[in-house]
>>> print(open('query_23.cif').read())   # mmCIF, C-alpha atoms
data_my_file
loop_
_atom_site.group_PDB
_atom_site.id
_atom_site.type_symbol
_atom_site.label_atom_id
_atom_site.label_comp_id
_atom_site.auth_asym_id
_atom_site.auth_seq_id
_atom_site.Cartn_x
_atom_site.Cartn_y
_atom_site.Cartn_z
ATOM 1 C CA MET A 1 69.861 54.607 56.356
ATOM 2 C CA GLY A 2 72.614 51.983 56.374
ATOM 3 C CA THR A 3 72.074 49.193 53.892
ATOM 4 C CA ARG A 4 73.993 46.344 52.417
ATOM 5 C CA VAL A 5 73.364 44.641 49.124
ATOM 6 C CA SER A 6 72.121 41.081 49.390
ATOM 7 C CA LEU A 7 70.196 38.550 47.387
ATOM 8 C CA VAL A 8 66.687 38.254 48.791
ATOM 9 C CA LEU A 9 65.450 35.392 46.647
ATOM 10 C CA ILE A 10 66.247 34.631 43.066
ATOM 11 C CA ALA A 11 64.323 32.167 40.970
ATOM 12 C CA ILE A 12 66.684 30.980 38.254
ATOM 13 C CA LEU A 13 64.953 29.179 35.443
ATOM 14 C CA ALA A 14 67.435 27.354 33.260
ATOM 15 C CA GLY A 15 67.295 24.686 30.573
ATOM 16 C CA GLY A 16 64.557 22.159 31.189
ATOM 17 C CA ALA A 17 62.479 24.404 33.463
ATOM 18 C CA PRO A 18 59.048 25.217 31.992
ATOM 19 C CA ALA A 19 59.477 29.003 31.912
ATOM 20 C CA ALA A 20 62.838 28.808 30.139
ATOM 21 C CA ALA A 21 61.697 26.280 27.573
ATOM 22 C CA ALA A 22 59.265 27.071 24.781
ATOM 23 C CA PRO A 23 56.276 28.877 26.307
ATOM 24 C CA LYS A 24 53.347 26.713 27.232
ATOM 25 C CA CYS A 25 50.208 27.181 25.161
ATOM 26 C CA VAL A 26 47.991 27.041 28.232
ATOM 27 C CA PRO A 27 48.120 28.417 31.787
ATOM 28 C CA SER A 28 49.394 26.114 34.538
ATOM 29 C CA ARG A 29 46.125 26.142 36.538
ATOM 30 C CA PRO A 30 42.385 26.788 36.042
ATOM 31 C CA PRO A 31 41.115 30.376 36.297
ATOM 32 C CA VAL A 32 39.465 31.736 39.437
ATOM 33 C CA LYS A 33 35.637 31.705 39.317
ATOM 34 C CA GLY A 34 34.562 34.891 37.518
ATOM 35 C CA CYS A 35 37.850 35.129 35.599
ATOM 36 C CA ALA A 36 39.181 33.965 32.236
ATOM 37 C CA TRP A 37 42.798 33.494 31.162
ATOM 38 C CA GLU A 38 44.124 35.697 28.383
ATOM 39 C CA LYS A 39 47.590 36.216 26.932
ATOM 40 C CA PHE A 40 49.365 39.463 27.823
ATOM 41 C CA SER A 41 52.126 40.344 25.375
ATOM 42 C CA ASP A 42 53.811 43.722 25.120
ATOM 43 C CA ALA A 43 57.091 44.316 23.271
ATOM 44 C CA ARG A 44 57.733 47.618 25.116
ATOM 45 C CA VAL A 45 57.507 45.832 28.468
ATOM 46 C CA GLY A 46 59.439 42.891 27.000
ATOM 47 C CA LEU A 47 57.164 40.266 28.524
ATOM 48 C CA GLU A 48 54.565 37.696 27.612
ATOM 49 C CA ALA A 49 52.412 36.156 30.351
ATOM 50 C CA TRP A 50 49.069 34.548 31.066
ATOM 51 C CA VAL A 51 46.772 36.855 33.092
ATOM 52 C CA GLN A 52 43.192 36.575 34.315
ATOM 53 C CA ARG A 53 40.629 39.170 33.262
ATOM 54 C CA CYS A 54 37.980 39.109 36.012
ATOM 55 C CA ASP A 55 34.419 40.327 36.360
ATOM 56 C CA PHE A 56 33.029 39.875 39.859
ATOM 57 C CA GLY A 57 30.113 42.249 39.247
ATOM 58 C CA PHE A 58 31.160 44.778 41.896
ATOM 59 C CA ARG A 59 34.813 44.626 40.744
ATOM 60 C CA LYS A 60 36.461 44.190 37.389
ATOM 61 C CA ILE A 61 40.171 43.365 37.148
ATOM 62 C CA VAL A 62 42.337 43.966 34.102
ATOM 63 C CA PHE A 63 46.051 43.781 33.358
ATOM 64 C CA LEU A 64 47.907 46.389 31.347
ATOM 65 C CA ALA A 65 51.365 47.647 30.501
ATOM 66 C CA VAL A 66 52.660 50.567 32.571
ATOM 67 C CA GLY A 67 56.173 51.603 31.595
ATOM 68 C CA ARG A 68 58.292 48.420 31.749
ATOM 69 C CA SER A 69 55.833 46.614 34.043
ATOM 70 C CA LEU A 70 52.881 44.280 33.871
ATOM 71 C CA ALA A 71 50.346 45.999 36.147
ATOM 72 C CA ILE A 72 46.900 45.240 37.544
ATOM 73 C CA ARG A 73 43.964 47.637 37.764
ATOM 74 C CA TYR A 74 40.915 47.151 39.973
ATOM 75 C CA SER A 75 37.749 48.980 38.834
ATOM 76 C CA ASP A 76 37.021 49.937 42.444
ATOM 77 C CA GLY A 77 40.646 50.773 43.294
ATOM 78 C CA GLY A 78 40.383 54.476 42.589
ATOM 79 C CA GLY A 79 44.092 54.894 41.973
ATOM 80 C CA ALA A 80 46.885 54.102 39.588
ATOM 81 C CA PRO A 81 47.453 50.509 38.461
ATOM 82 C CA ASP A 82 49.730 48.449 40.709
ATOM 83 C CA PRO A 83 52.886 47.016 39.111
ATOM 84 C CA LEU A 84 53.219 43.241 39.518
ATOM 85 C CA VAL A 85 56.082 42.210 37.241
ATOM 86 C CA ASP A 86 58.868 44.668 36.425
ATOM 87 C CA VAL A 87 61.261 43.967 33.538
ATOM 88 C CA PHE A 88 64.832 45.240 33.902
ATOM 89 C CA ASP A 89 67.653 45.319 31.392
ATOM 90 C CA LEU A 90 71.059 44.055 32.407
ATOM 91 C CA LEU A 91 73.868 46.562 32.048
ATOM 92 C CA PRO A 92 76.611 45.791 29.494
ATOM 93 C CA ASP A 93 78.759 42.883 30.760
ATOM 94 C CA GLU A 94 76.518 42.477 33.831
ATOM 95 C CA THR A 95 75.546 38.960 34.902
ATOM 96 C CA PRO A 96 71.962 38.243 36.005
ATOM 97 C CA ASP A 97 73.167 37.789 39.609
ATOM 98 C CA ASP A 98 74.908 41.186 39.504
ATOM 99 C CA GLY A 99 71.778 42.814 38.061
ATOM 100 C CA VAL A 100 69.723 41.489 40.970
ATOM 101 C CA LYS A 101 72.340 42.594 43.517
ATOM 102 C CA ARG A 102 72.235 46.074 41.977
ATOM 103 C CA LEU A 103 68.554 46.466 42.914
ATOM 104 C CA THR A 104 68.169 44.449 46.135
ATOM 105 C CA PHE A 105 68.620 46.132 49.494
ATOM 106 C CA VAL A 106 68.193 44.777 53.021
ATOM 107 C CA PRO A 107 68.869 46.444 56.373
ATOM 108 C CA ASP A 108 72.359 46.036 57.803
ATOM 109 C CA PRO A 109 72.483 44.570 61.360
ATOM 110 C CA ALA A 110 72.453 47.971 63.120
ATOM 111 C CA TYR A 111 69.510 49.266 61.099
ATOM 112 C CA GLN A 112 67.635 45.963 61.530
ATOM 113 C CA LYS A 113 68.082 46.263 65.309
ATOM 114 C CA GLU A 114 66.636 49.795 65.132
ATOM 115 C CA LEU A 115 63.670 48.556 63.082
ATOM 116 C CA ASP A 116 63.037 45.665 65.483
ATOM 117 C CA ALA A 117 63.023 48.073 68.465
ATOM 118 C CA LYS A 118 60.362 50.281 66.790
ATOM 119 C CA ALA A 119 58.232 47.434 65.385
ATOM 120 C CA ASP A 120 54.617 47.156 66.504
ATOM 121 C CA PRO A 121 53.613 43.461 66.571
ATOM 122 C CA ASN A 122 50.029 44.454 65.687
ATOM 123 C CA GLU A 123 50.987 46.264 62.480
ATOM 124 C CA VAL A 124 52.654 45.410 59.199
ATOM 125 C CA GLY A 125 55.321 47.983 58.485
ATOM 126 C CA ASP A 126 56.509 49.450 55.210
ATOM 127 C CA PRO A 127 59.415 47.822 53.386
ATOM 128 C CA PRO A 128 62.439 49.234 55.258
ATOM 129 C CA CYS A 129 64.659 49.646 52.192
ATOM 130 C CA GLY A 130 62.240 50.443 49.384
ATOM 131 C CA ASP A 131 60.350 48.568 46.714
ATOM 132 C CA TRP A 132 63.015 45.993 45.836
ATOM 133 C CA GLY A 133 64.157 45.158 49.346
ATOM 134 C CA ASN A 134 62.780 42.803 51.968
ATOM 135 C CA ALA A 135 59.004 42.998 52.258
ATOM 136 C CA PRO A 136 57.215 42.560 55.590
ATOM 137 C CA ASP A 137 54.311 40.701 54.008
ATOM 138 C CA GLY A 138 53.658 38.921 50.748
ATOM 139 C CA ILE A 139 56.005 37.130 48.387
ATOM 140 C CA GLN A 140 58.245 38.972 45.951
ATOM 141 C CA TYR A 141 61.410 37.882 44.215
ATOM 142 C CA PHE A 142 63.781 38.441 41.323
ATOM 143 C CA GLU A 143 63.678 35.933 38.471
ATOM 144 C CA VAL A 144 66.234 35.347 35.743
ATOM 145 C CA HIS A 145 65.882 33.248 32.591
ATOM 146 C CA PRO A 146 69.428 32.486 31.397
ATOM 147 C CA ALA A 147 68.269 30.023 28.742
ATOM 148 C CA SER A 148 66.203 32.771 27.075
ATOM 149 C CA LYS A 149 69.416 34.562 25.993
ATOM 150 C CA SER A 150 67.682 37.861 26.765
ATOM 151 C CA ARG A 151 69.583 40.512 28.669
ATOM 152 C CA LYS A 152 66.691 41.041 31.090
ATOM 153 C CA PHE A 153 65.482 39.929 34.486
ATOM 154 C CA LEU A 154 62.183 40.226 36.346
ATOM 155 C CA PHE A 155 60.996 41.424 39.722
ATOM 156 C CA VAL A 156 57.796 39.538 40.547
ATOM 157 C CA ARG A 157 55.301 40.591 43.229
ATOM 158 C CA VAL A 158 53.130 37.566 43.978
ATOM 159 C CA GLY A 159 51.550 38.952 47.152
ATOM 160 C CA GLN A 160 49.880 36.828 49.799
ATOM 161 C CA ASP A 161 47.411 34.806 47.730
ATOM 162 C CA GLU A 162 47.531 32.865 44.496
ATOM 163 C CA PRO A 163 48.187 35.544 41.879
ATOM 164 C CA LEU A 164 45.861 36.350 38.995
ATOM 165 C CA PHE A 165 48.826 35.883 36.650
ATOM 166 C CA ASP A 166 50.607 32.621 35.888
ATOM 167 C CA GLU A 167 54.017 32.903 37.509
ATOM 168 C CA GLN A 168 55.003 29.564 35.909
ATOM 169 C CA ASN A 169 54.835 30.819 32.305
ATOM 170 C CA PHE A 170 56.641 34.134 31.898
ATOM 171 C CA ARG A 171 58.400 34.613 28.574
ATOM 172 C CA LEU A 172 60.897 37.395 27.993
ATOM 173 C CA LEU A 173 60.516 39.004 24.594
ATOM 174 C CA PRO A 174 63.384 40.203 22.408
ATOM 175 C CA ALA A 175 64.357 43.854 22.625
ATOM 176 C CA ARG A 176 62.486 46.245 20.308
#
>>> encode(input="query_23.cif", output="structure tokens")
Amino acid sequence: MGTRVSLVLIAILAGGAPAAAAPKCVPSRPPVKGCAWEKFSDARVGLEAWVQRCDFGFRKIVFLAVGRSLAIRYSDGGGAPDPLVDVFDLLPDETPDDGVKRLTFVPDPAYQKELDAKADPNEVGDPPCGDWGNAPDGIQYFEVHPASKSRKFLFVRVGQDEPLFDEQNFRLLPAR
């Protein structure tokens, strides 16, 4: 598969932006009916965030740490938790932009032409270049917090709907 490195979308939160400033004490929006906001904080993941624990009767939703990711688990999902926010360390002397470029892949023009020729307009295909490349549906992006002075960056999977986590209030935690 031919690929070229490219920036898909980077949210850079610098001085003055809410996520780079001192963390807010409250989430940025009300919880969904059947849910309640709670603080997720895990030093191994390196992230603090507001998440919604939900009880819809037929489905319960919880957030947990899986490796270096904030993940979501659905009681009726039957499988492994789904990662939503991955935390990556920058390599020595690597800038946040270079860290994102290291993990972002998009099809080159020839491969994109091949994908377009095979595409079924009635189906949503798989991401052509893996988990951190372009996605055919939903919103996902890399996020850096230069003002935090941490040597980390995030990959955030928002999806198609308003997420059950507060994407406005991530806080990177110091290394353990």
>>> resolve_selection(input="query_23.cif", expression="the PyMOL selection byres ((chain A and resi 32-35) around 10)", output="ChimeraX atom specification")
/A:29-31,36-38,51-57,60-61,162-164
>>> atom_distance(input="query_23.cif", atom1="CA of Phe170 in chain A", atom2="CA of Ser75 in chain A")
25.0 Å
>>> atom_distance(input="query_23.cif", atom1="CA of Ala49 in chain A", atom2="CA of Gly99 in chain A")
21.9 Å
>>> atom_distance(input="query_23.cif", atom1="CA of Asp89 in chain A", atom2="CA of Arg151 in chain A")
5.9 Å
>>> closest_residue(input="query_23.cif", among="A:Ala147, A:Val45, A:Val26, A:Val62", to="Asp76 in chain A", atoms="all atoms listed in the file")
A:Val62
>>> closest_residue(input="query_23.cif", among="A:Gly159, A:Arg171, A:Ala119, A:Val106", to="Leu84 in chain A", atoms="all atoms listed in the file")
A:Gly159
>>> resolve_selection(input="query_23.cif", expression="the PyMOL selection byres ((chain A and resi 115) around 12)", output="short mmCIF file (atom, residue, chain, number, x, y, z; two decimals) with C-alpha atoms, in the coordinates of the input")
data_model
loop_
_atom_site.label_atom_id
_atom_site.label_comp_id
_atom_site.auth_asym_id
_atom_site.auth_seq_id
_atom_site.Cartn_x
_atom_site.Cartn_y
_atom_site.Cartn_z
CA MET A 1 69.86 54.61 56.36
CA GLY A 2 72.61 51.98 56.37
CA VAL A 106 68.19 44.78 53.02
CA PRO A 107 68.87 46.44 56.37
CA ASP A 108 72.36 46.04 57.80
CA PRO A 109 72.48 44.57 61.36
CA ALA A 110 72.45 47.97 63.12
CA TYR A 111 69.51 49.27 61.10
CA GLN A 112 67.64 45.96 61.53
CA LYS A 113 68.08 46.26 65.31
CA GLU A 114 66.64 49.80 65.13
CA ASP A 116 63.04 45.66 65.48
CA ALA A 117 63.02 48.07 68.46
CA LYS A 118 60.36 50.28 66.79
CA ALA A 119 58.23 47.43 65.39
CA ASP A 120 54.62 47.16 66.50
CA PRO A 121 53.61 43.46 66.57
CA GLY A 125 55.32 47.98 58.48
CA ASP A 126 56.51 49.45 55.21
CA PRO A 127 59.42 47.82 53.39
CA PRO A 128 62.44 49.23 55.26
CA CYS A 129 64.66 49.65 52.19
CA PRO A 136 57.22 42.56 55.59
#
>>> decode(input="query_23.cif", residues="range 32-121 of chain A", atoms="C-alpha atoms", output="PDB file, in the first residue's frame")
ATOM      1  CA  VAL A  32     -26.959  13.228  28.836  1.00  0.00           C
ATOM      2  CA  LYS A  33     -30.204  12.031  30.480  1.00  0.00           C
ATOM      3  CA  GLY A  34     -29.362   8.841  32.393  1.00  0.00           C
ATOM      4  CA  CYS A  35     -25.708   9.849  32.819  1.00  0.00           C
ATOM      5  CA  ALA A  36     -23.626  11.673  35.421  1.00  0.00           C
ATOM      6  CA  TRP A  37     -20.258  13.379  34.979  1.00  0.00           C
ATOM      7  CA  GLU A  38     -17.296  11.978  36.876  1.00  0.00           C
ATOM      8  CA  LYS A  39     -13.580  12.736  36.788  1.00  0.00           C
ATOM      9  CA  PHE A  40     -11.336  10.171  35.095  1.00  0.00           C
ATOM     10  CA  SER A  41      -7.712  10.450  36.181  1.00  0.00           C
ATOM     11  CA  ASP A  42      -5.049   7.833  35.565  1.00  0.00           C
ATOM     12  CA  ALA A  43      -1.311   8.496  35.913  1.00  0.00           C
ATOM     13  CA  ARG A  44      -0.396   5.429  33.797  1.00  0.00           C
ATOM     14  CA  VAL A  45      -2.502   6.744  30.913  1.00  0.00           C
ATOM     15  CA  GLY A  46      -1.239  10.268  31.633  1.00  0.00           C
ATOM     16  CA  LEU A  47      -4.660  11.872  31.286  1.00  0.00           C
ATOM     17  CA  GLU A  48      -7.378  13.535  33.294  1.00  0.00           C
ATOM     18  CA  ALA A  49     -10.814  14.048  31.731  1.00  0.00           C
ATOM     19  CA  TRP A  50     -14.494  14.420  32.500  1.00  0.00           C
ATOM     20  CA  VAL A  51     -16.499  11.326  31.447  1.00  0.00           C
ATOM     21  CA  GLN A  52     -20.143  10.325  31.778  1.00  0.00           C
ATOM     22  CA  ARG A  53     -21.067   7.145  33.635  1.00  0.00           C
ATOM     23  CA  CYS A  54     -24.442   6.104  32.183  1.00  0.00           C
ATOM     24  CA  ASP A  55     -27.229   3.775  33.229  1.00  0.00           C
ATOM     25  CA  PHE A  56     -29.951   3.443  30.609  1.00  0.00           C
ATOM     26  CA  GLY A  57     -31.424   0.318  32.215  1.00  0.00           C
ATOM     27  CA  PHE A  58     -30.734  -1.961  29.242  1.00  0.00           C
ATOM     28  CA  ARG A  59     -27.198  -0.536  28.840  1.00  0.00           C
ATOM     29  CA  LYS A  60     -24.606   0.704  31.271  1.00  0.00           C
ATOM     30  CA  ILE A  61     -21.603   2.701  30.048  1.00  0.00           C
ATOM     31  CA  VAL A  62     -18.347   3.104  31.935  1.00  0.00           C
ATOM     32  CA  PHE A  63     -14.930   4.543  31.137  1.00  0.00           C
ATOM     33  CA  LEU A  64     -11.683   2.863  32.098  1.00  0.00           C
ATOM     34  CA  ALA A  65      -7.968   2.869  31.421  1.00  0.00           C
ATOM     35  CA  VAL A  66      -6.708   0.353  28.858  1.00  0.00           C
ATOM     36  CA  GLY A  67      -2.968   0.598  28.290  1.00  0.00           C
ATOM     37  CA  ARG A  68      -2.266   4.268  27.464  1.00  0.00           C
ATOM     38  CA  SER A  69      -5.876   4.973  26.444  1.00  0.00           C
ATOM     39  CA  LEU A  70      -9.111   6.234  27.904  1.00  0.00           C
ATOM     40  CA  ALA A  71     -11.613   3.594  26.750  1.00  0.00           C
ATOM     41  CA  ILE A  72     -15.370   3.073  26.891  1.00  0.00           C
ATOM     42  CA  ARG A  73     -17.181  -0.154  27.744  1.00  0.00           C
ATOM     43  CA  TYR A  74     -20.827  -0.876  26.969  1.00  0.00           C
ATOM     44  CA  SER A  75     -22.487  -3.521  29.186  1.00  0.00           C
ATOM     45  CA  ASP A  76     -24.217  -4.977  26.126  1.00  0.00           C
ATOM     46  CA  GLY A  77     -21.167  -4.669  23.853  1.00  0.00           C
ATOM     47  CA  GLY A  78     -19.890  -8.181  24.412  1.00  0.00           C
ATOM     48  CA  GLY A  79     -16.329  -7.323  23.468  1.00  0.00           C
ATOM     49  CA  ALA A  80     -13.256  -5.463  24.571  1.00  0.00           C
ATOM     50  CA  PRO A  81     -13.513  -1.794  25.560  1.00  0.00           C
ATOM     51  CA  ASP A  82     -13.129   0.683  22.697  1.00  0.00           C
ATOM     52  CA  PRO A  83     -10.268   3.194  22.968  1.00  0.00           C
ATOM     53  CA  LEU A  84     -11.391   6.822  22.657  1.00  0.00           C
ATOM     54  CA  VAL A  85      -8.380   8.920  23.646  1.00  0.00           C
ATOM     55  CA  ASP A  86      -4.856   7.577  23.150  1.00  0.00           C
ATOM     56  CA  VAL A  87      -1.898   9.265  24.867  1.00  0.00           C
ATOM     57  CA  PHE A  88       1.441   9.187  23.038  1.00  0.00           C
ATOM     58  CA  ASP A  89       4.875  10.245  24.199  1.00  0.00           C
ATOM     59  CA  LEU A  90       6.977  12.447  21.971  1.00  0.00           C
ATOM     60  CA  LEU A  91      10.357  11.024  21.045  1.00  0.00           C
ATOM     61  CA  PRO A  92      13.460  12.862  22.321  1.00  0.00           C
ATOM     62  CA  ASP A  93      13.840  16.183  20.453  1.00  0.00           C
ATOM     63  CA  GLU A  94      10.574  15.571  18.562  1.00  0.00           C
ATOM     64  CA  THR A  95       8.155  18.476  18.154  1.00  0.00           C
ATOM     65  CA  PRO A  96       4.409  17.897  18.618  1.00  0.00           C
ATOM     66  CA  ASP A  97       3.872  18.395  14.861  1.00  0.00           C
ATOM     67  CA  ASP A  98       6.530  15.766  14.085  1.00  0.00           C
ATOM     68  CA  GLY A  99       4.954  13.348  16.575  1.00  0.00           C
ATOM     69  CA  VAL A 100       1.607  13.677  14.806  1.00  0.00           C
ATOM     70  CA  LYS A 101       3.212  13.255  11.370  1.00  0.00           C
ATOM     71  CA  ARG A 102       4.881  10.078  12.642  1.00  0.00           C
ATOM     72  CA  LEU A 103       1.485   8.437  13.240  1.00  0.00           C
ATOM     73  CA  THR A 104      -0.783   9.929  10.552  1.00  0.00           C
ATOM     74  CA  PHE A 105      -1.163   8.192   7.211  1.00  0.00           C
ATOM     75  CA  VAL A 106      -3.368   9.018   4.226  1.00  0.00           C
ATOM     76  CA  PRO A 107      -3.558   7.370   0.803  1.00  0.00           C
ATOM     77  CA  ASP A 108      -1.265   8.755  -1.882  1.00  0.00           C
ATOM     78  CA  PRO A 109      -3.045   9.862  -5.111  1.00  0.00           C
ATOM     79  CA  ALA A 110      -2.640   6.492  -6.884  1.00  0.00           C
ATOM     80  CA  TYR A 111      -3.938   4.500  -3.923  1.00  0.00           C
ATOM     81  CA  GLN A 112      -6.809   6.968  -3.395  1.00  0.00           C
ATOM     82  CA  LYS A 113      -7.816   6.496  -7.047  1.00  0.00           C
ATOM     83  CA  GLU A 114      -7.818   2.717  -6.488  1.00  0.00           C
ATOM     84  CA  LEU A 115      -9.962   3.108  -3.360  1.00  0.00           C
ATOM     85  CA  ASP A 116     -12.407   5.415  -5.153  1.00  0.00           C
ATOM     86  CA  ALA A 117     -12.798   2.878  -8.000  1.00  0.00           C
ATOM     87  CA  LYS A 118     -13.689   0.086  -5.515  1.00  0.00           C
ATOM     88  CA  ALA A 119     -15.904   2.205  -3.230  1.00  0.00           C
ATOM     89  CA  ASP A 120     -19.536   1.200  -2.791  1.00  0.00           C
ATOM     90  CA  PRO A 121     -21.646   4.351  -2.259  1.00  0.00           C
TER      91      PRO A 121
END
